[in-house]
>>> print(open('model.cif').read())   # mmCIF, C-alpha atoms
data_my_file
#
loop_
_atom_site.label_atom_id
_atom_site.label_comp_id
_atom_site.auth_asym_id
_atom_site.auth_seq_id
_atom_site.Cartn_x
_atom_site.Cartn_y
_atom_site.Cartn_z
CA MET A 1 -12.41 54.13 -11.77
CA PHE A 2 -14.63 51.39 -10.31
CA ASP A 3 -18.44 51.31 -10.35
CA ILE A 4 -20.67 49.28 -8.07
CA GLU A 5 -24.41 49.27 -7.44
CA ILE A 6 -26.74 48.91 -4.53
CA ARG A 7 -29.87 46.96 -5.48
CA ASN A 8 -32.39 45.50 -3.02
CA HIS A 9 -29.93 46.32 -0.24
CA LEU A 10 -27.18 44.26 -1.87
CA PHE A 11 -23.86 45.45 -3.29
CA ILE A 12 -23.37 44.36 -6.92
CA PRO A 13 -20.70 43.14 -7.32
CA SER A 14 -20.16 42.40 -3.66
CA GLU A 15 -16.50 41.55 -4.22
CA PHE A 16 -14.01 43.17 -6.55
CA SER A 17 -10.26 43.59 -6.88
CA ILE A 18 -8.24 46.77 -7.07
CA PRO A 19 -4.49 47.24 -7.51
CA ALA A 20 -2.59 47.38 -4.21
CA ASN A 21 -0.80 50.61 -3.19
CA THR A 22 -2.82 52.67 -5.66
CA LYS A 23 -5.51 55.25 -5.06
CA ILE A 24 -8.75 54.50 -6.90
CA LYS A 25 -12.03 56.31 -7.44
CA LEU A 26 -15.09 54.25 -6.55
CA VAL A 27 -18.55 55.31 -7.71
CA VAL A 28 -21.45 53.69 -5.85
CA TYR A 29 -24.86 53.89 -7.53
CA ASN A 30 -27.78 53.45 -5.17
CA ARG A 31 -30.56 51.92 -7.32
CA ASP A 32 -32.89 51.55 -4.32
CA ALA A 33 -35.36 54.25 -3.28
CA THR A 34 -34.06 54.08 0.31
CA PRO A 35 -30.89 55.77 1.60
CA GLU A 36 -27.80 53.73 2.42
CA GLU A 37 -24.49 54.50 4.05
CA PHE A 38 -21.35 53.03 2.56
CA GLU A 39 -19.16 52.24 5.53
CA SER A 40 -15.91 50.45 6.21
CA TYR A 41 -13.76 50.49 9.33
CA GLU A 42 -10.90 48.84 7.46
CA LEU A 43 -10.98 51.44 4.68
CA ASN A 44 -11.78 54.36 7.04
CA ARG A 45 -14.64 55.37 4.79
CA GLU A 46 -18.19 56.52 5.55
CA LYS A 47 -20.63 58.19 3.16
CA VAL A 48 -24.40 58.56 2.91
CA ILE A 49 -25.96 57.78 -0.49
CA THR A 50 -29.62 58.73 -0.70
CA GLY A 51 -32.13 56.83 -2.85
CA ASN A 52 -31.47 56.76 -6.63
CA ARG A 53 -28.25 58.76 -6.27
CA LYS A 54 -24.57 58.01 -6.67
CA ALA A 55 -21.56 58.77 -4.52
CA THR A 56 -17.90 59.17 -5.33
CA ILE A 57 -15.47 57.73 -2.80
CA PHE A 58 -11.69 57.81 -3.10
CA ILE A 59 -10.06 54.66 -1.73
CA GLY A 60 -6.46 53.72 -1.00
CA PRO A 61 -3.56 53.44 -1.48
CA LEU A 62 -3.99 50.11 0.32
CA PRO A 63 -1.48 47.39 1.20
CA ALA A 64 -2.43 44.03 -0.36
CA GLY A 65 -5.25 42.41 1.59
CA GLU A 66 -8.98 42.15 2.06
CA TYR A 67 -11.10 45.11 3.10
CA PRO A 68 -14.73 44.45 4.03
CA PHE A 69 -17.33 47.16 3.64
CA PHE A 70 -21.05 47.27 4.43
CA GLY A 71 -24.21 49.31 4.18
CA GLU A 72 -24.72 50.71 7.64
CA PHE A 73 -28.48 51.09 7.18
CA TYR A 74 -29.08 47.51 5.92
CA PRO A 75 -26.09 45.52 7.17
CA GLU A 76 -27.95 42.18 7.21
CA THR A 77 -27.70 42.03 3.41
CA ALA A 78 -25.49 44.89 2.27
CA GLN A 79 -22.02 43.38 2.70
CA GLY A 80 -19.04 43.48 0.39
CA LYS A 81 -15.30 43.17 0.15
CA ILE A 82 -12.51 44.93 -1.72
CA ILE A 83 -9.44 42.85 -2.49
CA ALA A 84 -6.25 44.83 -2.99
CA GLU A 85 -3.68 42.79 -4.92
CA MET B 1 -33.47 45.75 11.99
CA LEU B 2 -34.12 46.52 15.64
CA LEU B 3 -30.57 45.83 16.82
CA ASN B 4 -29.08 47.71 13.89
CA SER B 5 -31.25 50.70 14.65
CA VAL B 6 -30.12 50.58 18.30
CA ILE B 7 -26.47 50.60 17.23
CA ILE B 8 -26.77 53.40 14.66
CA ILE B 9 -28.66 55.74 16.95
CA LEU B 10 -26.50 54.89 19.97
CA ARG B 11 -23.31 55.74 18.06
CA GLU B 12 -24.58 59.13 16.98
CA VAL B 13 -26.28 60.02 20.27
CA LEU B 14 -23.31 58.97 22.39
CA GLU B 15 -20.93 61.32 20.61
CA ALA B 16 -23.22 64.33 21.01
CA ALA B 17 -24.45 63.46 24.51
CA LEU B 18 -20.92 62.99 25.85
CA LEU B 19 -19.91 66.46 24.71
CA ILE B 20 -23.12 68.02 26.02
CA SER B 21 -22.63 66.42 29.44
CA VAL B 22 -19.06 67.75 29.71
CA LEU B 23 -20.23 71.26 28.82
CA LEU B 24 -23.07 70.93 31.34
CA VAL B 25 -20.77 69.84 34.12
CA LEU B 26 -18.44 72.77 33.39
CA THR B 27 -21.43 75.14 33.42
CA GLN B 28 -22.49 73.66 36.75
CA SER B 29 -19.02 74.00 38.25
CA LEU B 30 -18.87 77.65 37.21
CA GLU B 31 -22.31 78.18 38.75
CA ARG B 32 -23.68 79.54 35.51
CA SER B 33 -27.19 79.13 34.08
CA PHE B 34 -28.21 75.96 32.19
CA ARG B 35 -30.50 78.00 29.96
CA TRP B 36 -28.16 77.77 26.97
CA VAL B 37 -28.89 74.03 26.63
CA SER B 38 -32.44 74.42 25.29
CA TRP B 39 -31.23 76.91 22.67
CA ALA B 40 -28.43 74.53 21.73
CA LEU B 41 -30.77 71.54 21.32
CA LEU B 42 -33.28 73.57 19.33
CA SER B 43 -30.73 75.06 16.93
CA GLY B 44 -29.00 71.68 16.59
CA MET B 45 -32.25 69.98 15.62
CA ILE B 46 -33.01 72.67 13.06
CA GLY B 47 -29.46 72.33 11.71
CA ALA B 48 -29.86 68.54 11.39
CA MET B 49 -33.17 68.92 9.52
CA VAL B 50 -31.73 71.50 7.12
CA TYR B 51 -28.67 69.31 6.45
CA ALA B 52 -30.83 66.19 5.94
CA ILE B 53 -33.18 68.02 3.55
CA GLY B 54 -30.27 69.48 1.60
CA ILE B 55 -28.17 66.29 1.52
CA ASP B 56 -28.73 65.58 -2.21
CA ALA B 57 -27.67 69.07 -3.23
CA ILE B 58 -24.76 69.13 -0.76
CA SER B 59 -23.50 65.74 -2.00
CA GLU B 60 -23.14 67.18 -5.52
CA TRP B 61 -20.94 70.08 -4.39
CA PHE B 62 -17.19 70.08 -5.22
CA ASP B 63 -17.47 67.33 -7.86
CA GLY B 64 -19.35 64.92 -5.60
CA VAL B 65 -17.40 65.33 -2.36
CA GLY B 66 -19.64 68.00 -0.81
CA GLN B 67 -20.63 65.72 2.06
CA GLU B 68 -17.01 65.19 3.08
CA VAL B 69 -16.16 68.88 2.79
CA VAL B 70 -19.22 70.08 4.72
CA ASN B 71 -18.65 67.47 7.44
CA ALA B 72 -14.97 68.43 7.66
CA LEU B 73 -16.01 72.09 7.99
CA LEU B 74 -18.43 71.17 10.79
CA GLN B 75 -15.67 69.25 12.60
CA ALA B 76 -13.21 72.12 12.08
CA GLY B 77 -15.86 74.52 13.40
CA ILE B 78 -16.33 72.40 16.54
CA PHE B 79 -12.57 72.27 17.04
CA SER B 80 -12.31 76.08 16.75
CA LEU B 81 -15.19 76.60 19.18
CA ILE B 82 -13.51 74.28 21.68
CA ALA B 83 -10.35 76.38 21.24
CA VAL B 84 -12.38 79.52 22.01
CA THR B 85 -13.78 77.73 25.08
CA MET B 86 -10.19 77.11 26.22
CA VAL B 87 -9.63 80.88 26.03
CA LEU B 88 -12.86 81.78 27.83
CA LEU B 89 -12.83 79.15 30.59
CA PRO B 90 -9.83 80.48 32.55
CA ARG B 91 -11.38 83.96 32.58
CA GLN B 92 -14.57 82.44 33.97
CA LEU B 93 -12.58 80.71 36.69
CA TYR B 94 -10.89 83.89 37.88
CA THR B 95 -13.50 86.61 37.36
CA ARG B 96 -17.18 86.98 38.11
CA GLU B 97 -18.04 87.72 34.52
CA SER B 98 -21.57 86.81 33.41
CA GLY B 99 -20.48 84.02 31.07
CA ARG B 100 -22.83 85.02 28.28
CA LEU B 101 -20.15 84.74 25.63
CA LEU B 102 -19.17 81.28 26.89
CA ALA B 103 -22.84 80.21 26.83
CA PHE B 104 -23.10 81.43 23.25
CA VAL B 105 -19.99 79.46 22.25
CA MET B 106 -21.43 76.35 23.93
CA ILE B 107 -24.70 76.78 22.00
CA LEU B 108 -22.78 76.93 18.72
CA THR B 109 -20.62 73.92 19.63
CA VAL B 110 -23.58 71.71 20.47
CA ALA B 111 -25.55 72.99 17.46
CA LEU B 112 -22.74 71.96 15.09
CA VAL B 113 -22.34 68.54 16.73
CA LEU B 114 -26.10 67.88 16.53
CA THR B 115 -26.23 69.08 12.93
CA ARG B 116 -23.61 66.51 11.94
CA GLU B 117 -24.86 63.58 14.02
CA GLY B 118 -28.56 64.41 13.76
CA ALA B 119 -28.59 64.67 9.97
CA GLU B 120 -27.45 61.07 9.61
CA VAL B 121 -30.10 59.86 12.07
CA THR B 122 -32.77 61.90 10.26
CA ILE B 123 -31.82 60.46 6.85
CA TYR B 124 -31.77 56.93 8.28
CA LEU B 125 -35.17 57.21 9.98
CA TYR B 126 -36.75 59.07 7.08
CA GLY B 127 -35.88 56.15 4.79
CA PHE B 128 -38.26 53.97 6.82
CA LEU B 129 -41.04 56.52 7.13
CA ARG B 130 -42.14 56.03 3.56
CA GLY B 131 -44.25 52.93 3.88
CA SER B 132 -41.82 50.43 5.32
CA ASP B 133 -43.17 47.55 7.41
CA GLN B 134 -40.02 47.83 9.53
CA LEU B 135 -40.93 51.27 10.85
CA PHE B 136 -42.07 50.19 14.31
CA ARG B 137 -39.00 48.07 14.98
CA VAL B 138 -36.70 50.81 13.70
CA LEU B 139 -38.32 53.46 15.88
CA LEU B 140 -38.25 51.16 18.91
CA GLY B 141 -34.57 50.48 18.26
CA ALA B 142 -33.92 54.20 17.91
CA ALA B 143 -35.63 54.89 21.23
CA ILE B 144 -33.58 52.18 22.96
CA GLY B 145 -30.33 53.41 21.36
CA ALA B 146 -31.04 57.01 22.33
CA SER B 147 -31.90 55.97 25.89
CA ILE B 148 -28.65 54.05 26.32
CA GLY B 149 -26.64 56.98 24.92
CA VAL B 150 -28.35 59.52 27.15
CA SER B 151 -28.07 57.24 30.23
CA ALA B 152 -24.34 56.79 29.68
CA SER B 153 -23.94 60.56 29.47
CA VAL B 154 -26.04 61.18 32.58
CA LEU B 155 -23.85 58.68 34.42
CA PHE B 156 -20.75 60.47 33.11
CA TYR B 157 -22.20 63.84 34.19
CA TYR B 158 -22.87 62.73 37.78
CA THR B 159 -19.54 60.90 38.06
CA LEU B 160 -17.76 64.14 37.17
CA ARG B 161 -20.05 66.29 39.30
CA ASN B 162 -19.42 64.29 42.42
CA LEU B 163 -15.70 65.04 42.36
CA SER B 164 -14.23 68.14 43.96
CA LYS B 165 -14.86 71.24 41.87
CA ARG B 166 -11.24 71.66 40.98
CA ARG B 167 -11.01 68.07 39.78
CA THR B 168 -14.32 68.28 37.91
CA ILE B 169 -13.12 71.30 35.97
CA GLY B 170 -9.71 69.73 35.36
CA ILE B 171 -11.15 66.49 33.97
CA GLY B 172 -13.84 68.39 32.04
CA VAL B 173 -11.20 70.52 30.33
CA VAL B 174 -9.06 67.49 29.45
CA VAL B 175 -12.07 65.63 28.01
CA LEU B 176 -12.96 68.71 25.94
CA MET B 177 -9.39 68.82 24.60
CA LEU B 178 -9.56 65.12 23.68
CA VAL B 179 -12.91 65.58 21.95
CA GLY B 180 -11.47 68.58 20.08
CA SER B 181 -8.40 66.66 18.94
CA GLY B 182 -10.69 63.84 17.73
CA MET B 183 -12.58 66.42 15.66
CA ALA B 184 -9.29 67.52 14.07
CA LEU B 185 -8.45 63.90 13.23
CA GLN B 186 -11.88 63.24 11.72
CA ALA B 187 -11.73 66.46 9.68
CA ALA B 188 -8.41 65.31 8.21
CA GLN B 189 -9.89 61.88 7.54
CA LEU B 190 -12.82 63.40 5.63
CA LEU B 191 -10.54 65.61 3.54
CA ILE B 192 -8.46 62.54 2.66
CA GLN B 193 -11.65 60.73 1.63
CA ALA B 194 -12.52 63.76 -0.54
CA ASP B 195 -9.02 63.62 -2.08
CA TRP B 196 -8.32 67.15 -0.85
CA LEU B 197 -5.53 65.91 1.40
CA PRO B 198 -3.09 63.27 0.12
CA ALA B 199 -3.92 59.65 0.94
CA ARG B 200 -1.02 57.65 2.36
CA LEU B 201 -0.51 54.22 3.84
CA PRO B 202 -1.43 53.99 7.54
CA ILE B 203 1.47 54.48 9.97
CA TRP B 204 0.20 51.83 12.38
CA ASP B 205 -2.54 49.25 12.81
CA SER B 206 -3.92 48.92 16.34
CA SER B 207 -7.04 46.99 15.25
CA GLY B 208 -5.51 43.85 16.80
CA TRP B 209 -5.57 45.53 20.23
CA ILE B 210 -8.67 47.66 20.01
CA SER B 211 -10.95 46.98 17.07
CA GLU B 212 -13.01 49.94 15.90
CA THR B 213 -16.06 47.66 15.97
CA SER B 214 -15.61 46.69 19.64
CA VAL B 215 -17.40 48.48 22.47
CA THR B 216 -14.10 50.01 23.64
CA GLY B 217 -13.35 51.08 20.08
CA GLN B 218 -16.75 52.71 19.71
CA LEU B 219 -16.42 54.52 23.05
CA LEU B 220 -12.95 55.72 22.09
CA TYR B 221 -14.34 56.84 18.74
CA ALA B 222 -17.01 58.88 20.49
CA LEU B 223 -14.41 60.38 22.83
CA ILE B 224 -11.26 60.93 20.75
CA GLY B 225 -12.32 59.97 17.20
CA TYR B 226 -10.29 56.75 17.47
CA GLU B 227 -8.92 55.28 14.23
CA ALA B 228 -7.17 51.90 14.30
CA THR B 229 -5.26 52.61 11.07
CA PRO B 230 -4.47 56.33 10.89
CA THR B 231 -2.22 57.95 8.32
CA ALA B 232 0.56 60.35 9.34
CA ILE B 233 -1.62 63.34 8.43
CA GLN B 234 -4.46 62.16 10.68
CA ALA B 235 -2.15 61.48 13.62
CA GLY B 236 -0.53 64.88 13.02
CA PHE B 237 -3.90 66.64 13.12
CA GLN B 238 -4.86 64.81 16.31
CA PHE B 239 -1.66 65.43 18.25
CA GLY B 240 -1.22 68.91 16.81
CA GLY B 241 -4.81 69.75 17.73
CA LEU B 242 -4.40 68.42 21.25
CA LEU B 243 -1.17 70.34 21.73
CA LEU B 244 -2.71 73.56 20.44
CA LEU B 245 -5.73 73.31 22.76
CA ALA B 246 -3.52 72.51 25.75
CA ILE B 247 -1.20 75.46 25.03
CA VAL B 248 -4.12 77.87 24.57
CA PHE B 249 -5.68 76.79 27.87
CA LEU B 250 -2.46 76.84 29.87
CA VAL B 251 -1.34 80.24 28.54
CA CYS B 252 -4.74 81.81 29.26
CA GLN B 253 -4.89 80.26 32.72
CA TRP B 254 -1.38 81.39 33.55
CA ARG B 255 -2.25 84.95 32.48
CA TYR B 256 -5.25 85.14 34.82
CA ARG B 257 -3.57 83.34 37.68
CA ALA B 258 -0.76 85.91 37.59
CA THR B 259 -3.19 88.77 38.22
CA THR B 260 -6.15 87.37 40.16
CA ARG B 261 -7.14 84.81 42.76
CA LEU B 262 -9.16 81.71 41.91
CA ILE B 263 -12.83 82.19 42.69
CA VAL B 264 -14.02 78.64 42.11
CA ASP B 265 -12.49 76.64 44.90
CA SER B 266 -13.48 73.62 46.82
#
>>> encode(input="model.cif", output="structure tokens")
Amino acid sequence: MFDIEIRNHLFIPSEFSIPANTKIKLVVYNRDATPEEFESYELNREKVITGNRKATIFIGPLPAGEYPFFGEFYPETAQGKIIAE
Amino acid sequence: MLLNSVIIILREVLEAALLISVLLVLTQSLERSFRWVSWALLSGMIGAMVYAIGIDAISEWFDGVGQEVVNALLQAGIFSLIAVTMVLLPRQLYTRESGRLLAFVMILTVALVLTREGAEVTIYLYGFLRGSDQLFRVLLGAAIGASIGVSASVLFYYTLRNLSKRRTIGIGVVVLMLVGSGMALQAAQLLIQADWLPARLPIWDSSGWISETSVTGQLLYALIGYEATPTAIQAGFQFGGLLLLAIVFLVCQWRYRATTRLIVDS
């Protein structure tokens, strides 16, 4: 299980590694009062997380590589990357 | 913020507006009343509001994957309604039936699409309503995005309408089938995300040809639910869904053609 946070429209941490070819459970805590949408074309994932809530997202199994994700509502700052290795 | 708002709203509006314009052009070709549209828009907007208000509670359902499950159910509902449309359309083509049932099915279809797409827009905009200095730019962006989406659909509507009736109906039916198969693919995708369907490695990667972030990719997403890296289950749902809709339509059409003469003719 992996936990990340959204704070001031930033993902913390914005980069983290997961094992390749393994399904993982990611929990995203939105510490802002505003809603955000976790989105990634590379991961095929999309989920709304309203203010001060958390969301569970299952990810993978992924071949080794880099998978960017972003906050669709605040993409100028909310950017991150998952590294499968 | 402005450009982002344009993109978000355009994406959601385009998907709904494209489907509405196909249903409208079919209604027009069958010479049926457009009255169903206002009911569809009204019920869709109510649906979107209810979904947006209930999003926190819904997200908690099924151990935190309520959003995925509800969205998958909405997509599955749209697919089923399109399948019912495939049954009803041939009858409309060959008989002078009133078309009230078809109008009702179209209302439900559009209501479900608007519930899904509209809820996201509502949540996004509502986030800025509470004392954000970005509000004006976000609303302006939303208006621009919505206008582009609606314009594209109006253009699509008139392009289809200007063809011969037979061709209009033919293309309209095929587009509906493609939209339906995209719904099946997206439903599978959401159930994979919820861990209700097994996650597997993608069977191909077409992002080098058509990136999901490109304009073509976005248009294809709105039309057929395009995924650059689908898994076997997703591809199976899409092709299976398309095949099912095509068989349903062709069987129903064949049944009516055997007994009656085509009324709509150009």
>>> atom_distance(input="model.cif", atom1="CA of Gln134 (chain B)", atom2="CA of Val13 (chain B)")
21.3 Å
>>> residues_around(input="model.cif", residues="region 249-256 of chain B", least_positions_apart="5", cutoff="12 Å", atoms="only C-alpha atoms", output="list of chain:residue names")
B:Ile82, B:Ala83, B:Val84, B:Thr85, B:Met86, B:Val87, B:Leu88, B:Leu89, B:Pro90, B:Arg91, B:Gln92, B:Leu93, B:Tyr94, B:Thr95, B:Gly170, B:Val173, B:Val174, B:Leu176, B:Met177, B:Leu242, B:Leu243, B:Leu244, B:Arg261, B:Leu262, B:Ile263
>>> residues_around(input="model.cif", residues="Leu62 (chain A)", least_positions_apart="6", cutoff="12 Å", atoms="all atoms listed in the file", output="PDB file with C-alpha atoms, in the coordinates of the input")
ATOM      1  CA  SER A  17     -10.260  43.590  -6.880  1.00  0.00           C
ATOM      2  CA  ILE A  18      -8.240  46.770  -7.070  1.00  0.00           C
ATOM      3  CA  PRO A  19      -4.490  47.240  -7.510  1.00  0.00           C
ATOM      4  CA  ALA A  20      -2.590  47.380  -4.210  1.00  0.00           C
ATOM      5  CA  ASN A  21      -0.800  50.610  -3.190  1.00  0.00           C
ATOM      6  CA  THR A  22      -2.820  52.670  -5.660  1.00  0.00           C
ATOM      7  CA  LYS A  23      -5.510  55.250  -5.060  1.00  0.00           C
ATOM      8  CA  ILE A  24      -8.750  54.500  -6.900  1.00  0.00           C
ATOM      9  CA  GLU A  42     -10.900  48.840   7.460  1.00  0.00           C
ATOM     10  CA  LEU A  43     -10.980  51.440   4.680  1.00  0.00           C
ATOM     11  CA  ASN A  44     -11.780  54.360   7.040  1.00  0.00           C
ATOM     12  CA  ILE A  82     -12.510  44.930  -1.720  1.00  0.00           C
ATOM     13  CA  ILE A  83      -9.440  42.850  -2.490  1.00  0.00           C
ATOM     14  CA  ALA A  84      -6.250  44.830  -2.990  1.00  0.00           C
ATOM     15  CA  GLU A  85      -3.680  42.790  -4.920  1.00  0.00           C
TER      16      GLU A  85
ATOM     17  CA  ALA B 199      -3.920  59.650   0.940  1.00  0.00           C
ATOM     18  CA  ARG B 200      -1.020  57.650   2.360  1.00  0.00           C
ATOM     19  CA  LEU B 201      -0.510  54.220   3.840  1.00  0.00           C
ATOM     20  CA  PRO B 202      -1.430  53.990   7.540  1.00  0.00           C
ATOM     21  CA  ILE B 203       1.470  54.480   9.970  1.00  0.00           C
ATOM     22  CA  THR B 229      -5.260  52.610  11.070  1.00  0.00           C
ATOM     23  CA  THR B 231      -2.220  57.950   8.320  1.00  0.00           C
TER      24      THR B 231
END
>>> resolve_selection(input="model.cif", expression="the PyMOL selection byres ((chain A) within 7 of (chain B))", output="list in words")
Thr34, Pro35, Tyr41, Arg45, Ala55, Thr56, Ile57, Phe58, Gly60, Pro61, Leu62 and Phe73 of chain A
>>> closest_residue(input="model.cif", among="A:Thr77, A:Asn8, A:Ser14, A:Asn30", to="Arg53 (chain A)", atoms="only C-alpha atoms")
A:Asn30
>>> build_atoms(input="model.cif", residues="region 1-29 of chain A", atoms="N, CA and C atoms", output="PDB file, keeping the file's coordinate frame")
ATOM      1  N   MET A   1     -11.094  53.881 -12.360  1.00  0.00           N
ATOM      2  CA  MET A   1     -12.410  54.130 -11.770  1.00  0.00           C
ATOM      3  C   MET A   1     -13.207  52.818 -11.678  1.00  0.00           C
ATOM      4  N   PHE A   2     -13.860  52.602 -10.542  1.00  0.00           N
ATOM      5  CA  PHE A   2     -14.630  51.390 -10.310  1.00  0.00           C
ATOM      6  C   PHE A   2     -16.074  51.767  -9.993  1.00  0.00           C
ATOM      7  N   ASP A   3     -17.017  51.050 -10.611  1.00  0.00           N
ATOM      8  CA  ASP A   3     -18.440  51.310 -10.350  1.00  0.00           C
ATOM      9  C   ASP A   3     -19.067  50.103  -9.664  1.00  0.00           C
ATOM     10  N   ILE A   4     -19.836  50.351  -8.620  1.00  0.00           N
ATOM     11  CA  ILE A   4     -20.670  49.280  -8.070  1.00  0.00           C
ATOM     12  C   ILE A   4     -22.085  49.818  -7.843  1.00  0.00           C
ATOM     13  N   GLU A   5     -23.014  48.893  -7.625  1.00  0.00           N
ATOM     14  CA  GLU A   5     -24.410  49.270  -7.440  1.00  0.00           C
ATOM     15  C   GLU A   5     -24.948  48.760  -6.123  1.00  0.00           C
ATOM     16  N   ILE A   6     -25.965  49.450  -5.643  1.00  0.00           N
ATOM     17  CA  ILE A   6     -26.740  48.910  -4.530  1.00  0.00           C
ATOM     18  C   ILE A   6     -28.124  48.618  -5.102  1.00  0.00           C
ATOM     19  N   ARG A   7     -28.563  47.366  -4.978  1.00  0.00           N
ATOM     20  CA  ARG A   7     -29.870  46.960  -5.480  1.00  0.00           C
ATOM     21  C   ARG A   7     -30.510  46.022  -4.461  1.00  0.00           C
ATOM     22  N   ASN A   8     -31.715  46.307  -4.056  1.00  0.00           N
ATOM     23  CA  ASN A   8     -32.390  45.500  -3.020  1.00  0.00           C
ATOM     24  C   ASN A   8     -31.500  45.289  -1.800  1.00  0.00           C
ATOM     25  N   HIS A   9     -30.811  46.345  -1.404  1.00  0.00           N
ATOM     26  CA  HIS A   9     -29.930  46.320  -0.240  1.00  0.00           C
ATOM     27  C   HIS A   9     -28.774  45.329  -0.366  1.00  0.00           C
ATOM     28  N   LEU A  10     -28.346  45.113  -1.625  1.00  0.00           N
ATOM     29  CA  LEU A  10     -27.180  44.260  -1.870  1.00  0.00           C
ATOM     30  C   LEU A  10     -26.175  45.064  -2.687  1.00  0.00           C
ATOM     31  N   PHE A  11     -24.881  44.836  -2.441  1.00  0.00           N
ATOM     32  CA  PHE A  11     -23.860  45.450  -3.290  1.00  0.00           C
ATOM     33  C   PHE A  11     -23.622  44.542  -4.501  1.00  0.00           C
ATOM     34  N   ILE A  12     -23.604  45.139  -5.691  1.00  0.00           N
ATOM     35  CA  ILE A  12     -23.370  44.360  -6.920  1.00  0.00           C
ATOM     36  C   ILE A  12     -22.261  45.047  -7.720  1.00  0.00           C
ATOM     37  N   PRO A  13     -21.103  44.414  -7.921  1.00  0.00           N
ATOM     38  CA  PRO A  13     -20.700  43.140  -7.320  1.00  0.00           C
ATOM     39  C   PRO A  13     -20.351  43.345  -5.843  1.00  0.00           C
ATOM     40  N   SER A  14     -20.445  42.254  -5.087  1.00  0.00           N
ATOM     41  CA  SER A  14     -20.160  42.400  -3.660  1.00  0.00           C
ATOM     42  C   SER A  14     -18.667  42.224  -3.372  1.00  0.00           C
ATOM     43  N   GLU A  15     -17.948  41.708  -4.388  1.00  0.00           N
ATOM     44  CA  GLU A  15     -16.500  41.550  -4.220  1.00  0.00           C
ATOM     45  C   GLU A  15     -15.813  42.004  -5.491  1.00  0.00           C
ATOM     46  N   PHE A  16     -14.782  42.804  -5.357  1.00  0.00           N
ATOM     47  CA  PHE A  16     -14.010  43.170  -6.550  1.00  0.00           C
ATOM     48  C   PHE A  16     -12.566  43.488  -6.156  1.00  0.00           C
ATOM     49  N   SER A  17     -11.687  43.398  -7.151  1.00  0.00           N
ATOM     50  CA  SER A  17     -10.260  43.590  -6.880  1.00  0.00           C
ATOM     51  C   SER A  17      -9.804  44.939  -7.385  1.00  0.00           C
ATOM     52  N   ILE A  18      -8.861  45.521  -6.640  1.00  0.00           N
ATOM     53  CA  ILE A  18      -8.240  46.770  -7.070  1.00  0.00           C
ATOM     54  C   ILE A  18      -6.726  46.586  -6.949  1.00  0.00           C
ATOM     55  N   PRO A  19      -5.948  47.375  -7.665  1.00  0.00           N
ATOM     56  CA  PRO A  19      -4.490  47.240  -7.510  1.00  0.00           C
ATOM     57  C   PRO A  19      -4.043  47.715  -6.127  1.00  0.00           C
ATOM     58  N   ALA A  20      -3.113  46.986  -5.523  1.00  0.00           N
ATOM     59  CA  ALA A  20      -2.590  47.380  -4.210  1.00  0.00           C
ATOM     60  C   ALA A  20      -1.740  48.642  -4.343  1.00  0.00           C
ATOM     61  N   ASN A  21      -1.637  49.400  -3.256  1.00  0.00           N
ATOM     62  CA  ASN A  21      -0.800  50.610  -3.190  1.00  0.00           C
ATOM     63  C   ASN A  21      -1.133  51.656  -4.238  1.00  0.00           C
ATOM     64  N   THR A  22      -2.389  51.697  -4.655  1.00  0.00           N
ATOM     65  CA  THR A  22      -2.820  52.670  -5.660  1.00  0.00           C
ATOM     66  C   THR A  22      -4.132  53.296  -5.207  1.00  0.00           C
ATOM     67  N   LYS A  23      -4.246  54.588  -5.410  1.00  0.00           N
ATOM     68  CA  LYS A  23      -5.510  55.250  -5.060  1.00  0.00           C
ATOM     69  C   LYS A  23      -6.506  55.056  -6.202  1.00  0.00           C
ATOM     70  N   ILE A  24      -7.739  54.679  -5.863  1.00  0.00           N
ATOM     71  CA  ILE A  24      -8.750  54.500  -6.900  1.00  0.00           C
ATOM     72  C   ILE A  24      -9.986  55.346  -6.570  1.00  0.00           C
ATOM     73  N   LYS A  25     -10.786  55.567  -7.626  1.00  0.00           N
ATOM     74  CA  LYS A  25     -12.030  56.310  -7.440  1.00  0.00           C
ATOM     75  C   LYS A  25     -13.185  55.317  -7.589  1.00  0.00           C
ATOM     76  N   LEU A  26     -13.966  55.184  -6.533  1.00  0.00           N
ATOM     77  CA  LEU A  26     -15.090  54.250  -6.550  1.00  0.00           C
ATOM     78  C   LEU A  26     -16.394  55.048  -6.650  1.00  0.00           C
ATOM     79  N   VAL A  27     -17.247  54.662  -7.619  1.00  0.00           N
ATOM     80  CA  VAL A  27     -18.550  55.310  -7.710  1.00  0.00           C
ATOM     81  C   VAL A  27     -19.615  54.292  -7.328  1.00  0.00           C
ATOM     82  N   VAL A  28     -20.404  54.602  -6.324  1.00  0.00           N
ATOM     83  CA  VAL A  28     -21.450  53.690  -5.850  1.00  0.00           C
ATOM     84  C   VAL A  28     -22.805  54.252  -6.275  1.00  0.00           C
ATOM     85  N   TYR A  29     -23.518  53.480  -7.096  1.00  0.00           N
ATOM     86  CA  TYR A  29     -24.860  53.890  -7.530  1.00  0.00           C
ATOM     87  C   TYR A  29     -25.896  53.229  -6.638  1.00  0.00           C
TER      88      TYR A  29
END
